[in-house]
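Working notes, beginning with the structure itself.
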Amino acid sequence: MAIGKTTLYKRVLAASGLSRIFVDGVLRRACARANVNVDTMTPEGLRKALPYIEDSLRIYLPPDEAERRIGAIRKFAE
Amino acid sequence: MASTQADDLPLLLLKIARGHEQAWIESLRKAVPKSRRRFDLPMPPWVDEDYRQLARGYLAVFEEAVMKTGTVRREAYIDSIVEGMLKSGVPLDYLVHVSVASQAGLLVDWVAEVPFEQRPAAIDWLMGYFADYIADMMGAGTRFLARG
């Protein structure tokens with residue numbers, strides 16, 4: 001259902017811990033690299049995009065926080 | 001082949017930059033109010049975490065340039081910030097204004113840590129880096145605006 005899929009991306013946005021200044025741009029770009037459309041993102045799509053999302057988070061967040069955030073996002077892909 | 005002083009200079013600047021993350025944050029903190037006054041923008045204030053993440057991202061991009069490992073981080077960083085800000089109604093002029101002001105602060109802060117005899121070369125290298133950065137930001141903004 002479209003609302004549920006949209007909500008998945010919003011949950012990833014919220015769980016990322018990235019600044020509101022660029023969080024949408026960073027995550028949309030990461031998903032695009034995996035050919036995943038954020039507007040129709042499914043858990044399977046999130047699994048494909050995870051490596052790119054993880055790379056992005058490690059750029060902006062301290063290592064311990066990045067790993068904690070990544071762990072939270074991985075749960076959405078299960 | 002032994003590295004020359006010119007080869008080592010970007011690495012020295014990277015070492016300085018890594019040790020001066022707080023200086024970048026302070027430079028940006030000083031630049032943002034100047035740009036807001038200049039453009040009279042009703043923007044929500046940035047919080048400490050915004051500044052910290054921008055600084056970490058900027059340093060990651062600088063590291064990529066010094067290590068010559070590509071432009072993936074640079075493109076992602078610039079595009080994400082430019083698109084995010086433009087979508088929120090901030091004009092491209094503002095982004096250029098704040099970027100020039102903050103990088104001018106960085107130039108002074110970083111070069112002060114360079115040995116005196118290497119300062120002219122360091123200034124020359126950083127002038128090129130900062131100018132390229134601003135040009136890339138302008139390019140990203142112009143492309144975004146052209147897409148409507």
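Naming scheme: A, B, ... for chains in displayed order of the structure tokens; residues 1 onward per chain; ligands 1 onward as shown.
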
What residues in chain A have any atom no more than 6 Å from chain B when counting only C-alpha atoms, and can you write them as a PyMOL selection string? chain A and resi 19+21-22+25-26+59-60

Dump C-alpha atoms for the selected residues as a CSV table (one decimal), in the first residue's frame?
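out_35.csv written:
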chain,number,residue,atom,x,y,z
A,19,SER,CA,20.6,17.0,9.7
A,21,ILE,CA,19.4,20.5,6.1
A,22,PHE,CA,20.4,17.6,3.8
A,25,GLY,CA,19.0,14.7,-0.4
A,26,VAL,CA,21.6,12.3,1.1
A,59,ILE,CA,30.4,10.4,6.4
A,60,TYR,CA,28.3,12.6,8.6

For A:Asn35: contacts at 9 Å, only C-alpha atoms, fewer than 5 positions along chain excluded, given as a PDB file with N, CA and C atoms, in the first residue's frame:
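In the end it all went to out-v9.pdb:
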ATOM      1  N   ALA A  30      21.464   8.203  -2.020  1.00  0.00           N
ATOM      2  CA  ALA A  30      21.944   6.858  -1.680  1.00  0.00           C
ATOM      3  C   ALA A  30      21.018   5.802  -2.294  1.00  0.00           C
ATOM      4  N   GLY A  45      13.705  -3.206  -1.187  1.00  0.00           N
ATOM      5  CA  GLY A  45      14.425  -2.058  -1.749  1.00  0.00           C
ATOM      6  C   GLY A  45      15.381  -1.466  -0.735  1.00  0.00           C
ATOM      7  N   LYS A  48      18.536  -3.372  -0.602  1.00  0.00           N
ATOM      8  CA  LYS A  48      19.440  -3.041  -1.715  1.00  0.00           C
ATOM      9  C   LYS A  48      20.171  -1.729  -1.467  1.00  0.00           C
ATOM     10  N   ALA A  49      19.450  -0.788  -0.864  1.00  0.00           N
ATOM     11  CA  ALA A  49      20.021   0.551  -0.666  1.00  0.00           C
ATOM     12  C   ALA A  49      20.895   0.643   0.588  1.00  0.00           C
TER      13      ALA A  49
END

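Near B:His20, within 9 Å and counting only C-alpha atoms, sit Lys15, Ile16, Trp24, Ile25, Asp109 and Trp110 of chain B; same-chain residues fewer than 4 positions away were not included.
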
Among chain A, which ones does DSSP assign to alpha helix (DSSP H) (computed from the backbone)? Answer as a CSV table (one decimal) with C-alpha atoms, in the first residue's frame.
chain,number,residue,atom,x,y,z
A,2,ALA,CA,1.4,3.4,-1.0
A,3,ILE,CA,1.0,4.9,2.4
A,4,GLY,CA,2.9,2.1,4.1
A,5,LYS,CA,5.7,2.3,1.5
A,6,THR,CA,6.0,6.1,2.0
A,7,THR,CA,6.1,5.6,5.7
A,8,LEU,CA,9.1,3.2,5.4
A,9,TYR,CA,11.2,6.0,3.8
A,10,LYS,CA,10.0,8.5,6.4
A,11,ARG,CA,11.0,6.0,9.1
A,12,VAL,CA,14.4,5.7,7.6
A,13,LEU,CA,14.7,9.5,7.4
A,14,ALA,CA,13.8,9.8,11.1
A,15,ALA,CA,16.1,6.9,12.2
A,16,SER,CA,19.1,8.3,10.2
A,23,VAL,CA,18.9,14.3,5.1
A,24,ASP,CA,16.4,14.0,2.3
A,25,GLY,CA,19.0,14.7,-0.4
A,26,VAL,CA,21.6,12.3,1.1
A,27,LEU,CA,19.1,9.4,1.4
A,28,ARG,CA,17.4,10.0,-1.9
A,29,ARG,CA,20.9,10.0,-3.5
A,30,ALA,CA,21.9,6.9,-1.7
A,31,CYS,CA,18.8,5.1,-2.8
A,32,ALA,CA,19.1,6.3,-6.3
A,33,ARG,CA,22.6,4.7,-6.5
A,43,PRO,CA,11.9,-3.6,2.8
A,44,GLU,CA,13.6,-5.4,-0.1
A,45,GLY,CA,14.4,-2.1,-1.7
A,46,LEU,CA,15.8,-0.9,1.5
A,47,ARG,CA,18.0,-3.9,1.7
A,48,LYS,CA,19.4,-3.0,-1.7
A,49,ALA,CA,20.0,0.6,-0.7
A,50,LEU,CA,21.5,-0.2,2.7
A,51,PRO,CA,25.2,-0.3,1.7
A,52,TYR,CA,24.8,3.1,0.2
A,53,ILE,CA,22.9,4.5,3.1
A,54,GLU,CA,25.5,3.1,5.5
A,55,ASP,CA,28.3,4.8,3.5
A,56,SER,CA,26.4,8.1,3.7
A,57,LEU,CA,25.8,7.9,7.4
A,58,ARG,CA,29.5,7.1,8.1
A,59,ILE,CA,30.4,10.4,6.4
A,60,TYR,CA,28.3,12.6,8.6
A,63,PRO,CA,31.5,6.0,14.2
A,64,ASP,CA,29.6,4.9,17.3
A,65,GLU,CA,26.5,6.9,16.4
A,66,ALA,CA,26.6,5.8,12.7
A,67,GLU,CA,26.7,2.1,13.7
A,68,ARG,CA,23.8,2.6,16.1
A,69,ARG,CA,21.7,4.4,13.5
A,70,ILE,CA,22.6,1.8,10.9
A,71,GLY,CA,21.5,-0.9,13.2
A,72,ALA,CA,18.1,0.8,13.7
A,73,ILE,CA,17.6,1.2,9.9
A,74,ARG,CA,18.6,-2.4,9.2
A,75,LYS,CA,15.7,-3.5,11.3
A,76,PHE,CA,13.3,-1.9,8.9

Need the shell around B:Gln103: protein/DNA/RNA residues with any atom at most 12 Å away, counting only C-alpha atoms. Skip same-chain ones fewer than 5 positions apart. Format as a PDB file with N, CA and C atoms, in the first residue's frame?
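Just written: out_29.pdb:
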ATOM      1  N   ALA B  17      43.414  20.145   8.767  1.00  0.00           N
ATOM      2  CA  ALA B  17      41.946  20.209   8.720  1.00  0.00           C
ATOM      3  C   ALA B  17      41.323  19.254   9.728  1.00  0.00           C
ATOM      4  N   ALA B  23      37.261  24.473  14.307  1.00  0.00           N
ATOM      5  CA  ALA B  23      37.488  25.763  13.634  1.00  0.00           C
ATOM      6  C   ALA B  23      36.546  25.925  12.450  1.00  0.00           C
ATOM      7  N   TRP B  24      36.302  24.802  11.740  1.00  0.00           N
ATOM      8  CA  TRP B  24      35.370  24.882  10.604  1.00  0.00           C
ATOM      9  C   TRP B  24      33.979  25.227  11.118  1.00  0.00           C
ATOM     10  N   ILE B  25      33.601  24.589  12.222  1.00  0.00           N
ATOM     11  CA  ILE B  25      32.274  24.857  12.787  1.00  0.00           C
ATOM     12  C   ILE B  25      32.161  26.325  13.184  1.00  0.00           C
ATOM     13  N   GLU B  26      33.201  26.838  13.817  1.00  0.00           N
ATOM     14  CA  GLU B  26      33.164  28.238  14.248  1.00  0.00           C
ATOM     15  C   GLU B  26      33.129  29.182  13.045  1.00  0.00           C
ATOM     16  N   SER B  27      33.869  28.816  12.006  1.00  0.00           N
ATOM     17  CA  SER B  27      33.879  29.640  10.797  1.00  0.00           C
ATOM     18  C   SER B  27      32.477  29.699  10.186  1.00  0.00           C
ATOM     19  N   LEU B  28      31.821  28.556  10.160  1.00  0.00           N
ATOM     20  CA  LEU B  28      30.461  28.504   9.612  1.00  0.00           C
ATOM     21  C   LEU B  28      29.478  29.261  10.522  1.00  0.00           C
ATOM     22  N   ARG B  29      29.678  29.131  11.804  1.00  0.00           N
ATOM     23  CA  ARG B  29      28.811  29.844  12.757  1.00  0.00           C
ATOM     24  C   ARG B  29      28.891  31.360  12.559  1.00  0.00           C
ATOM     25  N   LYS B  30      30.094  31.831  12.235  1.00  0.00           N
ATOM     26  CA  LYS B  30      30.258  33.271  12.006  1.00  0.00           C
ATOM     27  C   LYS B  30      29.686  33.674  10.653  1.00  0.00           C
ATOM     28  N   ALA B  31      29.792  32.778   9.684  1.00  0.00           N
ATOM     29  CA  ALA B  31      29.356  33.110   8.326  1.00  0.00           C
ATOM     30  C   ALA B  31      27.829  33.136   8.207  1.00  0.00           C
ATOM     31  N   VAL B  32      27.168  32.210   8.869  1.00  0.00           N
ATOM     32  CA  VAL B  32      25.715  32.067   8.692  1.00  0.00           C
ATOM     33  C   VAL B  32      24.950  33.360   9.049  1.00  0.00           C
ATOM     34  N   ALA B  55      30.284  19.963   9.088  1.00  0.00           N
ATOM     35  CA  ALA B  55      31.745  19.970   9.203  1.00  0.00           C
ATOM     36  C   ALA B  55      32.324  18.594   8.905  1.00  0.00           C
ATOM     37  N   TYR B  58      32.071  18.008   5.214  1.00  0.00           N
ATOM     38  CA  TYR B  58      33.021  18.842   4.473  1.00  0.00           C
ATOM     39  C   TYR B  58      34.434  18.248   4.565  1.00  0.00           C
ATOM     40  N   LEU B  95      23.757  30.515  -0.580  1.00  0.00           N
ATOM     41  CA  LEU B  95      24.696  29.401  -0.404  1.00  0.00           C
ATOM     42  C   LEU B  95      26.112  29.805  -0.792  1.00  0.00           C
ATOM     43  N   VAL B  96      26.223  30.553  -1.870  1.00  0.00           N
ATOM     44  CA  VAL B  96      27.543  31.020  -2.290  1.00  0.00           C
ATOM     45  C   VAL B  96      28.102  31.981  -1.243  1.00  0.00           C
ATOM     46  N   HIS B  97      27.269  32.876  -0.762  1.00  0.00           N
ATOM     47  CA  HIS B  97      27.694  33.869   0.230  1.00  0.00           C
ATOM     48  C   HIS B  97      28.247  33.187   1.480  1.00  0.00           C
ATOM     49  N   VAL B  98      27.493  32.247   2.007  1.00  0.00           N
ATOM     50  CA  VAL B  98      27.899  31.600   3.249  1.00  0.00           C
ATOM     51  C   VAL B  98      29.112  30.686   3.021  1.00  0.00           C
ATOM     52  N   VAL B 108      42.378  31.256   6.577  1.00  0.00           N
ATOM     53  CA  VAL B 108      43.213  31.926   7.580  1.00  0.00           C
ATOM     54  C   VAL B 108      43.586  30.943   8.691  1.00  0.00           C
ATOM     55  N   ASP B 109      42.599  30.182   9.135  1.00  0.00           N
ATOM     56  CA  ASP B 109      42.832  29.266  10.266  1.00  0.00           C
ATOM     57  C   ASP B 109      43.832  28.175   9.896  1.00  0.00           C
ATOM     58  N   TRP B 110      43.659  27.566   8.742  1.00  0.00           N
ATOM     59  CA  TRP B 110      44.532  26.447   8.355  1.00  0.00           C
ATOM     60  C   TRP B 110      45.934  26.927   8.002  1.00  0.00           C
ATOM     61  N   VAL B 111      46.025  28.021   7.257  1.00  0.00           N
ATOM     62  CA  VAL B 111      47.348  28.475   6.810  1.00  0.00           C
ATOM     63  C   VAL B 111      48.209  28.895   8.001  1.00  0.00           C
ATOM     64  N   LEU B 126      44.967  26.037  -1.640  1.00  0.00           N
ATOM     65  CA  LEU B 126      43.629  26.202  -1.065  1.00  0.00           C
ATOM     66  C   LEU B 126      42.760  27.149  -1.896  1.00  0.00           C
ATOM     67  N   MET B 127      43.386  28.178  -2.482  1.00  0.00           N
ATOM     68  CA  MET B 127      42.613  29.069  -3.367  1.00  0.00           C
ATOM     69  C   MET B 127      41.968  28.264  -4.490  1.00  0.00           C
ATOM     70  N   GLY B 128      42.749  27.364  -5.065  1.00  0.00           N
ATOM     71  CA  GLY B 128      42.219  26.533  -6.145  1.00  0.00           C
ATOM     72  C   GLY B 128      41.117  25.607  -5.646  1.00  0.00           C
ATOM     73  N   TYR B 129      41.361  24.993  -4.490  1.00  0.00           N
ATOM     74  CA  TYR B 129      40.367  24.053  -3.945  1.00  0.00           C
ATOM     75  C   TYR B 129      39.054  24.765  -3.634  1.00  0.00           C
ATOM     76  N   PHE B 130      39.155  25.887  -2.941  1.00  0.00           N
ATOM     77  CA  PHE B 130      37.941  26.603  -2.537  1.00  0.00           C
ATOM     78  C   PHE B 130      37.188  27.135  -3.763  1.00  0.00           C
ATOM     79  N   ALA B 131      37.934  27.638  -4.726  1.00  0.00           N
ATOM     80  CA  ALA B 131      37.289  28.171  -5.938  1.00  0.00           C
ATOM     81  C   ALA B 131      36.563  27.060  -6.696  1.00  0.00           C
ATOM     82  N   ASP B 132      37.217  25.896  -6.786  1.00  0.00           N
ATOM     83  CA  ASP B 132      36.564  24.755  -7.455  1.00  0.00           C
ATOM     84  C   ASP B 132      35.292  24.349  -6.709  1.00  0.00           C
ATOM     85  N   TYR B 133      35.378  24.377  -5.388  1.00  0.00           N
ATOM     86  CA  TYR B 133      34.221  23.995  -4.565  1.00  0.00           C
ATOM     87  C   TYR B 133      33.035  24.926  -4.836  1.00  0.00           C
ATOM     88  N   ILE B 134      33.316  26.222  -4.850  1.00  0.00           N
ATOM     89  CA  ILE B 134      32.242  27.194  -5.096  1.00  0.00           C
ATOM     90  C   ILE B 134      31.677  27.016  -6.510  1.00  0.00           C
TER      91      ILE B 134
END

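Reported to one decimal place, the separation of atom CA of B:Asp40 from atom CA of B:Ser102 is 18.2 Å.
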
How many Å separate atom CA of B:Val90 from atom CA of B:Ala135? 17.9 Å

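In this structure, atom CA of B:Asp136 sits 9.0 Å away from atom CA of B:Arg74.
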
Fewer than 6 positions away in the same chain doesn't count, so skip those; otherwise give me all residues within 9 Å of B:Arg36, counting only C-alpha atoms, as number ranges by chain. B: 42-43, 94, 98
